[in-house]
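K.L.:
Okay, here's the structure, questions in a sec.
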Amino acid sequence: MRKRFSELLRIKDREFIKDVLVQFIREEFHKAGFKKAVIGISGGVDSALSAFLGVMALGRENVIGLSMPYRTSSKESIKDARLVAEVLGIEFYEIDITPQVDAYYRNFPDADNVRRGNKMARERMSILYDFAHWKGALVLGTSNKSELLIGYSTRWGDAAHDINPLGDLYKTQVWQMAEFVGVPERIVKKKPSADLWPGQTDEGEIGLSYRLLDEILVAYVELRLRKEEIVAAGYDERVVDKVLKMVRNSQYKRKLPVICKIAQRTVDKDFLYLRDWGL
Amino acid sequence: MRVSVAQVSPKLGRVEENIEKAVEFVKEAIKEKSSLCIFPELSLTGYTLQDLTFEVAITQEDERLIPLLELSREIGIIVGLIEETEENLFYNSAFYIREGKIQHVHRKVYLPTYGMFDEARFTAAGNRVDVFSSPVGKGSILICEDLWHFSTVYLAFLQGAKHIFALSASPGRGYREEGMFGNAEVWMNMGEFYSRMTGSYFFFVNRVGTEDGFVFSGNSFVADPYGNIIARSSPFEEELLTVEVEDSLIRSARINLPLLRDERPEMVMNNLRRILR
């Protein structure tokens, strides 16, 4: 069973899935009347893959990359963001968010890392949307399925965007696709990090490896196995518990605000139209 | 005789524009000397309609169908849409149009309401599987989920269908296959199997395009009565696929594999009675 989970994560025909994602981006942009994308490039593998797909779908002249480091961001991240933009030959801006973040926290010098990290993610979102308006573009997202499922993102921060080509790819699948489309090896191979404070790593913070996380997620989400069945496949019960709890507790992050029903039809409940209504 | 399979990408909720597109494809099919042009499920409305169902519905008298009715003097046309009846019921239907009239209607019998599908919430279920006289011979229209229940194909087969028109709007899913989505491969397996088992032509007419991240899986195809896929469309592009169908090949297949002759509907009926008792 356990082998089956890891096997289920393998994308067999990467060329075809690349074509699907490229087609998806192109169609969703074009039919909404946009040809340009802005994308926050962190130097990590998710945003690199998104940028590569964006260029394949829209052309390099239509993708605008933004690197938005804070003073504690690692030098390596900044260098790798530049590398992605260079390899792709896209319009690229480096915007230091230190002044705006520090100006705010001068009022709250005791603010902890999470608070500051969330603020940085939202400053970046706000800059991306400013650029989107300026350039007549949509924001191309970079959230993968693993992080969406466990809520490893900042609400209205990095989780906010218009079109997301990575949202149905687990992190381990992002690696497969990134390698396939030619994201520079050192970006694919490096330890994933949100880089919100020095020394932070995703796997350190989540408390388990992405491989293990993805196996448990694929068992629960795709195969709809029950907790006991996943444990019986050879996983530590505490780890399975932890993952399922992260999924449950982060459901609010995957939803829009809840509305109290008063009338016959309510916008978030029984007013059912796709976003592509009329497109 | 030729049949054209129109793999189109309808706009969600834009009936007039979708009819315009259908007209273009039908004209092309006429140029290619086809006797019949088939469109996918909900080709005049788009697929994931939800509450739009009630806003895009068409009655059989709807004047917007006139351009298609006119073209139908030159060619048979099968289109998919939301049909509103006099009783204000809404069906996921297909109209067969010929000689300026709607000659036959199939109302989707099986409405998928699980996973990403929610059809029974919005549409009523049909309850008839029928055959009709198509320009290429007796045929039966089935819509998407109908085909996942082999009872529908069996009913068409027993009534003498020589052509199965399978209209679909199948969202792509599954990344474990080569060169296509998993569901597209299942459809091909189904087409090969059903065409061989019924000694009929099987026309799989799927759509392309995207709706909120559903990427419809295209790969429309035609299988001959021996179970061979003789033509196939691309995974993503709008295309008109025209094939030659030969009545002699149906005859040949049915002589070599006389399954229809040996069919025993009374035995089936008796068993059904027993099972349902």
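Letters for chains follow the order of the structure tokens (A, B, ...), residue numbers begin at 1 for each chain, and ligand numbers begin at 1 in the order shown.
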Using only C-alpha atoms, which chain A residues lie at most 7 Å away from chain B, written as an NGL selection string?
P.N.:
:A and (11-13 or 16 or 24 or 27 or 271-279)
K.L.:
If you keep N, CA, C and O atoms, can you produce a file of those selected residues as a short mmCIF file (atom, residue, chain, number, x, y, z; two decimals), in the first residue's frame?
P.N.:
```
data_model
loop_
_atom_site.label_atom_id
_atom_site.label_comp_id
_atom_site.auth_asym_id
_atom_site.auth_seq_id
_atom_site.Cartn_x
_atom_site.Cartn_y
_atom_site.Cartn_z
N ILE A 11 4.14 11.54 -11.84
CA ILE A 11 3.46 11.98 -13.07
C ILE A 11 4.11 11.25 -14.23
O ILE A 11 5.31 11.37 -14.47
N LYS A 12 3.30 10.48 -14.93
CA LYS A 12 3.87 9.60 -15.94
C LYS A 12 4.33 10.35 -17.19
O LYS A 12 5.47 10.25 -17.58
N ASP A 13 3.41 11.10 -17.77
CA ASP A 13 3.75 11.81 -19.00
C ASP A 13 3.86 13.30 -18.69
O ASP A 13 2.89 14.04 -18.77
N PHE A 16 2.88 15.85 -21.40
CA PHE A 16 1.44 16.08 -21.55
C PHE A 16 0.90 17.00 -20.45
O PHE A 16 0.15 17.93 -20.71
N PHE A 24 -4.08 25.61 -20.03
CA PHE A 24 -4.92 26.19 -18.99
C PHE A 24 -4.60 27.67 -18.77
O PHE A 24 -5.50 28.52 -18.77
N GLU A 27 -5.57 29.80 -21.94
CA GLU A 27 -7.01 29.97 -22.14
C GLU A 27 -7.65 30.84 -21.08
O GLU A 27 -8.46 31.71 -21.37
N PHE A 271 -25.87 30.77 -4.91
CA PHE A 271 -25.76 31.65 -6.06
C PHE A 271 -24.61 31.08 -6.87
O PHE A 271 -23.47 31.50 -6.74
N LEU A 272 -24.93 30.03 -7.64
CA LEU A 272 -23.86 29.18 -8.16
C LEU A 272 -23.56 29.45 -9.63
O LEU A 272 -24.30 29.04 -10.52
N TYR A 273 -22.48 30.14 -9.82
CA TYR A 273 -22.00 30.39 -11.18
C TYR A 273 -20.49 30.25 -11.15
O TYR A 273 -19.84 30.64 -10.17
N LEU A 274 -19.92 29.71 -12.21
CA LEU A 274 -18.47 29.66 -12.29
C LEU A 274 -17.92 31.07 -12.46
O LEU A 274 -18.63 31.97 -12.88
N ARG A 275 -16.64 31.21 -12.16
CA ARG A 275 -16.00 32.49 -12.42
C ARG A 275 -15.93 32.75 -13.92
O ARG A 275 -15.96 33.90 -14.36
N ASP A 276 -15.85 31.68 -14.69
CA ASP A 276 -15.77 31.83 -16.15
C ASP A 276 -17.14 32.08 -16.80
O ASP A 276 -17.29 31.87 -18.00
N TRP A 277 -18.10 32.50 -16.02
CA TRP A 277 -19.43 32.88 -16.48
C TRP A 277 -19.32 33.81 -17.69
O TRP A 277 -18.73 34.89 -17.58
N GLY A 278 -19.84 33.38 -18.82
CA GLY A 278 -19.85 34.24 -20.02
C GLY A 278 -18.54 34.27 -20.78
O GLY A 278 -18.41 35.00 -21.75
N LEU A 279 -17.55 33.45 -20.34
CA LEU A 279 -16.24 33.48 -21.01
C LEU A 279 -16.03 32.23 -21.86
O LEU A 279 -16.55 31.19 -21.57
#
```
K.L.:
As a ChimeraX atom specification, which residues of stretch 83-231 of chain B does DSSP assign to strand (DSSP E)?
P.N.:
/B:83-84,90-98,101-107,132-134,137-143,163-167,201-205,210-211,214-215,221-223,229-231
K.L.:
Between atom CA of A:Val231 and atom CA of A:Val247, what distance in Å does the model show, to one decimal?
P.N.:
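About the pair atom CA of A:Val231 and atom CA of A:Val247: they are 16.5 Å apart.
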K.L.:
Residues near A:Glu76, anyone? I mean within 12 Å using only C-alpha atoms, not counting same-chain ones fewer than 6 positions away, as a PDB file with N, CA, C and O atoms, in the first residue's frame.
P.N.:
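After the write, result-v3.pdb holds the following:
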```pdb
ATOM      1  N   SER A  42      10.464  34.058  -5.883  1.00  0.00           N
ATOM      2  CA  SER A  42      11.153  34.044  -4.594  1.00  0.00           C
ATOM      3  C   SER A  42      12.538  33.442  -4.676  1.00  0.00           C
ATOM      4  O   SER A  42      13.337  33.581  -3.767  1.00  0.00           O
ATOM      5  N   GLY A  43      12.799  32.739  -5.772  1.00  0.00           N
ATOM      6  CA  GLY A  43      14.039  31.963  -5.842  1.00  0.00           C
ATOM      7  C   GLY A  43      13.786  30.499  -5.528  1.00  0.00           C
ATOM      8  O   GLY A  43      14.668  29.659  -5.660  1.00  0.00           O
ATOM      9  N   GLY A  44      12.554  30.180  -5.138  1.00  0.00           N
ATOM     10  CA  GLY A  44      12.197  28.789  -4.845  1.00  0.00           C
ATOM     11  C   GLY A  44      11.632  28.087  -6.074  1.00  0.00           C
ATOM     12  O   GLY A  44      11.414  28.687  -7.122  1.00  0.00           O
ATOM     13  N   PRO A  69      12.579  41.021  -1.858  1.00  0.00           N
ATOM     14  CA  PRO A  69      13.271  40.571  -0.644  1.00  0.00           C
ATOM     15  C   PRO A  69      13.077  41.529   0.533  1.00  0.00           C
ATOM     16  O   PRO A  69      12.790  42.721   0.347  1.00  0.00           O
ATOM     17  N   ARG A  82      16.896  36.077  -9.387  1.00  0.00           N
ATOM     18  CA  ARG A  82      17.520  36.727 -10.559  1.00  0.00           C
ATOM     19  C   ARG A  82      17.811  35.694 -11.643  1.00  0.00           C
ATOM     20  O   ARG A  82      17.602  35.948 -12.827  1.00  0.00           O
ATOM     21  N   LEU A  83      18.265  34.539 -11.204  1.00  0.00           N
ATOM     22  CA  LEU A  83      18.612  33.480 -12.163  1.00  0.00           C
ATOM     23  C   LEU A  83      17.384  33.059 -12.986  1.00  0.00           C
ATOM     24  O   LEU A  83      17.463  32.922 -14.215  1.00  0.00           O
ATOM     25  N   ARG A 186      19.874  23.777  -9.369  1.00  0.00           N
ATOM     26  CA  ARG A 186      20.131  24.154  -7.969  1.00  0.00           C
ATOM     27  C   ARG A 186      18.855  24.678  -7.294  1.00  0.00           C
ATOM     28  O   ARG A 186      18.714  24.614  -6.075  1.00  0.00           O
ATOM     29  N   ILE A 187      17.921  25.165  -8.087  1.00  0.00           N
ATOM     30  CA  ILE A 187      16.647  25.615  -7.511  1.00  0.00           C
ATOM     31  C   ILE A 187      15.753  24.418  -7.201  1.00  0.00           C
ATOM     32  O   ILE A 187      15.094  24.357  -6.167  1.00  0.00           O
ATOM     33  N   LYS A 190      17.341  22.513  -3.991  1.00  0.00           N
ATOM     34  CA  LYS A 190      17.594  23.103  -2.667  1.00  0.00           C
ATOM     35  C   LYS A 190      16.452  22.858  -1.692  1.00  0.00           C
ATOM     36  O   LYS A 190      15.319  22.562  -2.089  1.00  0.00           O
ATOM     37  N   LYS A 191      16.755  22.976  -0.420  1.00  0.00           N
ATOM     38  CA  LYS A 191      15.756  22.764   0.631  1.00  0.00           C
ATOM     39  C   LYS A 191      14.669  23.824   0.542  1.00  0.00           C
ATOM     40  O   LYS A 191      14.971  25.019   0.525  1.00  0.00           O
ATOM     41  N   SER A 193      12.106  26.600   1.406  1.00  0.00           N
ATOM     42  CA  SER A 193      12.003  27.533   2.525  1.00  0.00           C
ATOM     43  C   SER A 193      11.129  28.717   2.166  1.00  0.00           C
ATOM     44  O   SER A 193      11.239  29.273   1.066  1.00  0.00           O
ATOM     45  N   ASP A 195      11.481  31.343   3.699  1.00  0.00           N
ATOM     46  CA  ASP A 195      12.473  32.404   3.898  1.00  0.00           C
ATOM     47  C   ASP A 195      11.872  33.647   4.559  1.00  0.00           C
ATOM     48  O   ASP A 195      12.169  34.771   4.187  1.00  0.00           O
ATOM     49  N   PRO A 198      15.537  34.087   9.089  1.00  0.00           N
ATOM     50  CA  PRO A 198      16.759  33.349   8.765  1.00  0.00           C
ATOM     51  C   PRO A 198      16.706  31.911   9.288  1.00  0.00           C
ATOM     52  O   PRO A 198      16.246  31.659  10.400  1.00  0.00           O
TER      53      PRO A 198
END
```
K.L.:
Mind the document's chain letters and residue numbers, and return as an MDAnalysis selection string the residues of stretch 34-225 of chain B that DSSP labels alpha helix (DSSP H).
P.N.:
chainID B and resid 53:56 66:71 150:158 182:198
K.L.:
For each of A:Asp162, A:Asp268, A:Thr154, A:Glu147, take the minimum atom-to-atom distance to A:Pro192, counting only C-alpha atoms, then give the residue where this is smallest.
P.N.:
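Of all the options, A:Glu147 lies closest to A:Pro192.
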K.L.:
Can you list, as a PDB file with N, CA and C atoms, in the first residue's frame, every protein, DNA or RNA residue that comes within 10 Å of A:Gly199 when you count only C-alpha atoms, leaving out same-chain residues fewer than 3 positions away?
P.N.:
```pdb
ATOM      1  N   THR A  72      16.232  40.411   5.793  1.00  0.00           N
ATOM      2  CA  THR A  72      16.734  39.130   6.297  1.00  0.00           C
ATOM      3  C   THR A  72      16.667  38.014   5.241  1.00  0.00           C
ATOM      4  N   SER A  73      16.124  38.300   4.070  1.00  0.00           N
ATOM      5  CA  SER A  73      16.037  37.262   3.036  1.00  0.00           C
ATOM      6  C   SER A  73      17.442  36.750   2.697  1.00  0.00           C
ATOM      7  N   SER A  74      17.510  35.457   2.418  1.00  0.00           N
ATOM      8  CA  SER A  74      18.845  34.906   2.172  1.00  0.00           C
ATOM      9  C   SER A  74      19.373  35.401   0.829  1.00  0.00           C
ATOM     10  N   SER A 193      12.106  26.600   1.406  1.00  0.00           N
ATOM     11  CA  SER A 193      12.003  27.533   2.525  1.00  0.00           C
ATOM     12  C   SER A 193      11.129  28.717   2.166  1.00  0.00           C
ATOM     13  N   ALA A 194      10.239  29.093   3.090  1.00  0.00           N
ATOM     14  CA  ALA A 194       9.436  30.299   2.881  1.00  0.00           C
ATOM     15  C   ALA A 194      10.319  31.536   3.062  1.00  0.00           C
ATOM     16  N   ASP A 195      11.481  31.343   3.699  1.00  0.00           N
ATOM     17  CA  ASP A 195      12.473  32.404   3.898  1.00  0.00           C
ATOM     18  C   ASP A 195      11.872  33.647   4.559  1.00  0.00           C
ATOM     19  N   LEU A 196      11.002  33.413   5.523  1.00  0.00           N
ATOM     20  CA  LEU A 196      10.390  34.548   6.228  1.00  0.00           C
ATOM     21  C   LEU A 196      11.248  35.000   7.405  1.00  0.00           C
ATOM     22  N   GLY A 204      11.297  21.767   8.305  1.00  0.00           N
ATOM     23  CA  GLY A 204      11.554  21.971   9.732  1.00  0.00           C
ATOM     24  C   GLY A 204      10.309  22.484  10.429  1.00  0.00           C
TER      25      GLY A 204
END
```
K.L.:
Taking 5 positions as the minimum chain separation for residues in the same chain, which residues sit within 9 Å of A:Gln251 when counting only C-alpha atoms? Answer as a PyMOL selection string.
P.N.:
chain A and resi 149-151+246
